[in-house]
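Novice: I have a structure here, written as structure tokens, and I will follow up with some questions on it.
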Amino acid sequence: MATLDIFLSTPWLLYLAVIFVSLCIGSFLNVVILRLPKMMHQDWRCQCEAFLEVAEDQRKPEEVVTLSSPASTCPSCGHKIRAWENIPVISYLFLRGKCGGCNAHISIRYPLVEAVTALFSVMTVVIIGPSETALWSLLLVWALVALTVIDFDTQLLPDSITLPLMWLGLMLSYFGVLGDFNGAFWGAVVGYLSLWSVYWLFKLATGKEGMGHGDFKLLAALGAWLGWELLPAVILLSSLVGAVVGISLMVFKQHGREVPIPFGPYLAAAGLLCLWFGVEIQAFWYGLLGV
């Protein structure tokens with residue numbers, strides 16, 4: 001604990017460490033974003049084949065994908081990514097955004113995820129202040145970055161991220177790291193049931209599914225981290241941003257009304273704002289209600 005206190009009381013060392021670690025985490029998140037949906041689809045296919053009792057020799061052969069294997073390669077030429085080519089942001093700049101083997105273009109999204117992860121991590125420590133709470137909150141920030149991009153890509157919010165995130169928020173609140181445990185508990189309960197109720201009301205009224213089940217679990221996780229008091233602000237902010245973006249897509253990009261729009265990124269953005277400015281948002285919210 002004494003070592004942690006010294007670390008937290010040395011700003012330059014703290015911020016340097018946060019930048020370095022979060023850049024590395026951002027590089028790992030690129031792997032999670034790319035491979036976790038593939039792992040989920042593989043698992044679903046295996047479950048379906050087992051349920052249908054498909055014979056082993058009739059199952060489609062497919063390379064098993066995990067977060068650690070196979071090794072990262074260029075999708076164009078199969079060039080194996082070497083260690084010096086995988087340094088966050090720096091390698092992309094050094095290689096000028098091209099593969100070291102075939103000069104194929106490398107998506108700028110990879111360094112952007114790394115840079116945004118580092119930026120949001122530093123902002124979290126600066127805004128919350130150097131503390132144990134800020135360091136634990138980095139886990140929430142990193143998870144939200146991964147969930148945002150995965151949902152944009154695949155419209156999936158993996159249980160393997162949202163559920164552990166919810167339980168971790170409850171556990172940290174229980175031990176007094178985040179805040180009041182009762183607030184966290186009811187935040188998780190109300191967060192889940194609020195969107196679950198909206199889902200079923202919409203389905204009963206229209207016969208269609210208005211959102212995915214992952215949205216319930218993500219809001220439950222945010223409730224566990226932020227407390228039930230900030231849930232109205234999270235829902236309101238995410239709904240406003242989602243409505244503006246959705247209408248803009250339909251007007252300017254001819255985005256059909258039947259084409260689903262992921263809601264997870266807007267929940268994540270609202271949750272991040274409430275993590276950073278929760279006190280101010282809560283004061284503003286109570287002011288509107290006249291409390």
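Here, A, B, ... name the chains of the structure tokens in the order displayed, residue numbers run from 1 inside each chain, and ligands are numbered from 1 in the same displayed order.
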Hey, what's within 8 Å of Leu272 (chain A) if we count only C-alpha atoms and toss same-chain stuff fewer than 3 positions away? As a ChimeraX atom specification, please?

Specialist: /A:141,144,268-269,275-276

Novice: Which of these residues is nearest to Pro164 (chain A), using only C-alpha atoms: A:Ala83, A:Leu222, A:Gln47, A:Leu93?

Specialist: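 Nearest to Pro164 (chain A): A:Leu222.
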
Novice: Give me every strand (DSSP E or B) residue in region 55-227 of chain A, going by DSSP on the backbone, as a list in words.

Specialist: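 Going through region 55-227 of chain A, the strand (DSSP E or B) residues come out as Thr73, Lys80, Lys98 and His105 of chain A.
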
Novice: Could you dump the residues just selected with C-alpha atoms as an mmCIF file, in the first residue's frame?

Specialist:
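The resulting file, again36.cif, is reproduced below:
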```cif
data_model
loop_
_atom_site.group_PDB
_atom_site.id
_atom_site.type_symbol
_atom_site.label_atom_id
_atom_site.label_comp_id
_atom_site.auth_asym_id
_atom_site.auth_seq_id
_atom_site.Cartn_x
_atom_site.Cartn_y
_atom_site.Cartn_z
ATOM 1 C CA THR A 73 -0.500 -12.006 -39.750
ATOM 2 C CA LYS A 80 3.753 -12.819 -39.689
ATOM 3 C CA LYS A 98 1.726 -0.391 -44.740
ATOM 4 C CA HIS A 105 -2.491 -0.711 -46.530
#
```

Novice: Grab the CA of Ser107 (chain A) to CA of Val245 (chain A) distance for me, in Å with one decimal place.

Specialist: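 Spanning CA of Ser107 (chain A) to CA of Val245 (chain A) is a straight-line distance of 23.8 Å.
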
Novice: List as a list in words the protein and nucleic acid residues near region 52-64 of chain A, meaning an atom at most 10 Å away when only C-alpha atoms are counted, but skip any in the same chain fewer than 5 places from it.

Specialist: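 Selected residues are Lys38, Met39, Gln42, Asp43, Arg45, Cys46, Gln47, Ser69 and Pro70 of chain A.
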
Novice: For Leu231 (chain A), please output as a PDB file with C-alpha atoms, in the first residue's frame all residues within 8 Å (counting only C-alpha atoms; exclusion window: fewer than 3 positions along the same chain).

Specialist:
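Here's the written file around19.pdb:
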```
ATOM      1  CA  GLY A 187     -27.886   0.130 -10.167  1.00  0.00           C
ATOM      2  CA  GLY A 191     -30.141  -1.016 -15.194  1.00  0.00           C
ATOM      3  CA  LEU A 222     -22.736   0.617 -15.783  1.00  0.00           C
ATOM      4  CA  GLY A 223     -25.251   0.679 -12.935  1.00  0.00           C
ATOM      5  CA  LEU A 226     -21.858   4.230 -11.285  1.00  0.00           C
ATOM      6  CA  GLY A 227     -24.790   3.540  -8.941  1.00  0.00           C
ATOM      7  CA  TRP A 228     -28.507   3.763  -9.624  1.00  0.00           C
ATOM      8  CA  VAL A 234     -26.926   7.448 -18.754  1.00  0.00           C
ATOM      9  CA  ILE A 235     -30.211   6.477 -20.415  1.00  0.00           C
TER      10      ILE A 235
END
```
